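Okay, structure first, notes after.
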Amino acid sequence: MSTKDKEKSNNEVTKPIVIKNATDLQRLKLEKLMKNPDKPVLIPDPPKAKSLPSAPDFVRNVMGSSAGAGSGEFHVYRHLRRKEYARQKFIQEKSEKEKLDEEYHNKIEANKKIAEDKTARKRAKRLKKKNKAKIKGKISKLDNNKQSMSSQSDSSSEDNDDKIQEFREKNIHKTEEQKGNT
């Protein structure tokens with residue numbers, strides 16, 4: 001290595017990195033992690049659910065902030081009041097969160113049902129189109145056979161006409177049954 005290369009490598013090491021935005025910060029953190037990939041990474045546990053103690057069943061010092069209470073009792077009252085308000089606020093927030101979760105799950109279920117209904121309608125339409133194409137193909141084959149046979153003999157063409165008519169009637173009944181089922 002030349003002296004210029006050594007100087008450049010030293011400048012890169014000593015040159016402080018300026019973080020201008022969140023992307024730079026994230027890039028810097030990733031580079032730091034990737035310097036030593038064998039080192040275990042500490043992943044913090046998710047925050048635990050907040051829980052407050054239940055309301056006391058029996059309150060021994062029942063007092064208010066009114067006259068007659070000692071000067072030291074007011075602070076005890078204020079502490080109990082603050083504790084009770086915090087408990088009630090927690091209960092309200094918890095019930096609101098449960099309500100929002102329930103609404104979210106109901107919305108997801110409704111969206112799934114709508115998607116399934118759409119899929120079922122499209123499937124029925126596809127099958128109907130497929131059946132029509134099959135019927136058309138069979139009828140055209142019978143018509144082709146009829147034309148080829150009519151050139152051979154007139155008596156056999158009457159039999160083919162009867163077969164085509166029977167086939168059409170059967171398919172009409174099948175399509176009517178399918179419409180009744182859907």
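Identifiers for the structure tokens are assigned positionally: chains receive A, B, ... in sequence, residues are indexed from 1 per chain, and ligands are indexed from 1 in the order shown.
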
When you look at A:Ile135 with a cut-off of 12 Å (counting only C-alpha atoms), what residues show up, excluding the ones that are within fewer than 2 positions of it in the same chain? I need them as a list of chain:residue names.
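Listed by chain and then number, they are A:Lys128, A:Lys129, A:Lys130, A:Asn131, A:Lys132, A:Ala133, A:Gly137, A:Lys138, A:Ile139, A:Ser140, A:Lys141, A:Leu142, A:Ile164, A:Phe167, A:Arg168, A:Glu169, A:Lys170, A:Asn171, A:Ile172, A:Lys174, A:Thr175.
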
Save the residues we just selected, N, CA, C and O atoms, as a CSV table (one decimal), in the first residue's frame?
chain,number,residue,atom,x,y,z
A,128,LYS,N,-71.1,-21.5,-15.7
A,128,LYS,CA,-72.2,-21.4,-16.6
A,128,LYS,C,-71.7,-21.2,-18.0
A,128,LYS,O,-72.1,-21.8,-19.0
A,129,LYS,N,-70.7,-20.3,-18.1
A,129,LYS,CA,-70.1,-20.0,-19.5
A,129,LYS,C,-69.4,-21.3,-20.0
A,129,LYS,O,-69.6,-21.6,-21.2
A,130,LYS,N,-68.8,-22.1,-19.2
A,130,LYS,CA,-68.1,-23.3,-19.6
A,130,LYS,C,-69.1,-24.3,-20.0
A,130,LYS,O,-68.9,-25.0,-21.1
A,131,ASN,N,-70.2,-24.4,-19.3
A,131,ASN,CA,-71.3,-25.4,-19.7
A,131,ASN,C,-71.9,-25.0,-21.0
A,131,ASN,O,-72.2,-25.9,-21.8
A,132,LYS,N,-72.1,-23.7,-21.2
A,132,LYS,CA,-72.7,-23.3,-22.5
A,132,LYS,C,-71.8,-23.6,-23.6
A,132,LYS,O,-72.2,-24.0,-24.7
A,133,ALA,N,-70.5,-23.4,-23.4
A,133,ALA,CA,-69.5,-23.7,-24.4
A,133,ALA,C,-69.5,-25.2,-24.7
A,133,ALA,O,-69.4,-25.6,-25.9
A,137,GLY,N,-70.5,-26.9,-28.3
A,137,GLY,CA,-69.6,-27.8,-29.0
A,137,GLY,C,-70.2,-29.1,-29.3
A,137,GLY,O,-70.1,-29.6,-30.4
A,138,LYS,N,-71.0,-29.6,-28.4
A,138,LYS,CA,-71.7,-30.9,-28.7
A,138,LYS,C,-72.8,-30.7,-29.8
A,138,LYS,O,-72.9,-31.6,-30.6
A,139,ILE,N,-73.5,-29.6,-29.7
A,139,ILE,CA,-74.5,-29.4,-30.7
A,139,ILE,C,-73.9,-29.2,-32.1
A,139,ILE,O,-74.4,-29.8,-33.1
A,140,SER,N,-72.8,-28.5,-32.1
A,140,SER,CA,-72.2,-28.3,-33.4
A,140,SER,C,-71.6,-29.6,-34.0
A,140,SER,O,-71.7,-29.8,-35.2
A,141,LYS,N,-71.1,-30.4,-33.1
A,141,LYS,CA,-70.6,-31.7,-33.6
A,141,LYS,C,-71.8,-32.5,-34.1
A,141,LYS,O,-71.7,-33.2,-35.2
A,142,LEU,N,-72.9,-32.5,-33.4
A,142,LEU,CA,-74.1,-33.3,-33.9
A,142,LEU,C,-74.6,-32.7,-35.2
A,142,LEU,O,-75.0,-33.4,-36.1
A,164,ILE,N,-80.6,-34.8,-31.8
A,164,ILE,CA,-80.3,-33.4,-31.5
A,164,ILE,C,-81.4,-32.8,-30.7
A,164,ILE,O,-81.1,-32.1,-29.7
A,167,PHE,N,-81.2,-34.1,-27.2
A,167,PHE,CA,-80.0,-33.5,-26.5
A,167,PHE,C,-80.3,-32.1,-26.1
A,167,PHE,O,-80.0,-31.7,-24.9
A,168,ARG,N,-80.9,-31.3,-26.9
A,168,ARG,CA,-81.2,-29.9,-26.6
A,168,ARG,C,-82.2,-29.8,-25.4
A,168,ARG,O,-82.1,-29.0,-24.5
A,169,GLU,N,-83.2,-30.7,-25.4
A,169,GLU,CA,-84.2,-30.7,-24.4
A,169,GLU,C,-83.6,-31.1,-23.0
A,169,GLU,O,-83.9,-30.5,-22.0
A,170,LYS,N,-82.7,-32.1,-23.1
A,170,LYS,CA,-82.0,-32.4,-21.8
A,170,LYS,C,-81.2,-31.3,-21.3
A,170,LYS,O,-81.2,-31.0,-20.1
A,171,ASN,N,-80.5,-30.6,-22.1
A,171,ASN,CA,-79.6,-29.5,-21.7
A,171,ASN,C,-80.5,-28.3,-21.2
A,171,ASN,O,-80.1,-27.6,-20.3
A,172,ILE,N,-81.6,-28.1,-21.8
A,172,ILE,CA,-82.5,-27.0,-21.3
A,172,ILE,C,-83.0,-27.4,-19.9
A,172,ILE,O,-83.0,-26.5,-19.0
A,174,LYS,N,-81.4,-29.3,-17.8
A,174,LYS,CA,-80.3,-29.1,-16.8
A,174,LYS,C,-80.0,-27.7,-16.5
A,174,LYS,O,-79.8,-27.4,-15.3
A,175,THR,N,-80.1,-26.8,-17.4
A,175,THR,CA,-79.8,-25.4,-17.1
A,175,THR,C,-80.9,-24.8,-16.3
A,175,THR,O,-80.6,-24.0,-15.4

Restricting the calculation to only C-alpha atoms, which member of A:Val41, A:Asp161, A:Met34, A:Arg126 is positioned closest to A:Asn144?
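Comparing A:Val41, A:Asp161, A:Met34, A:Arg126 against A:Asn144, the winner is A:Asp161.
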
Rank nothing, just name the residue among A:Asn111, A:Thr119, A:Ser71, A:Ser51 nearest to A:Ala86, using only C-alpha atoms.
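Using only C-alpha atoms, the shortest distance to A:Ala86 belongs to A:Ser51.
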
Distance atom CA of A:Glu93-atom CA of A:His105, one decimal place?
18.4 Å

Can you tell me how far atom CA of A:Pro47 sits from atom CA of A:Phe90, in Å to one decimal?
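Those two atoms sit 16.2 Å apart.
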
Between atom CA of A:Ala49 and atom CA of A:Leu100, what is the distance in Å, rounded to a tenth?
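Pair atom CA of A:Ala49 / atom CA of A:Leu100 returns 16.9 Å.
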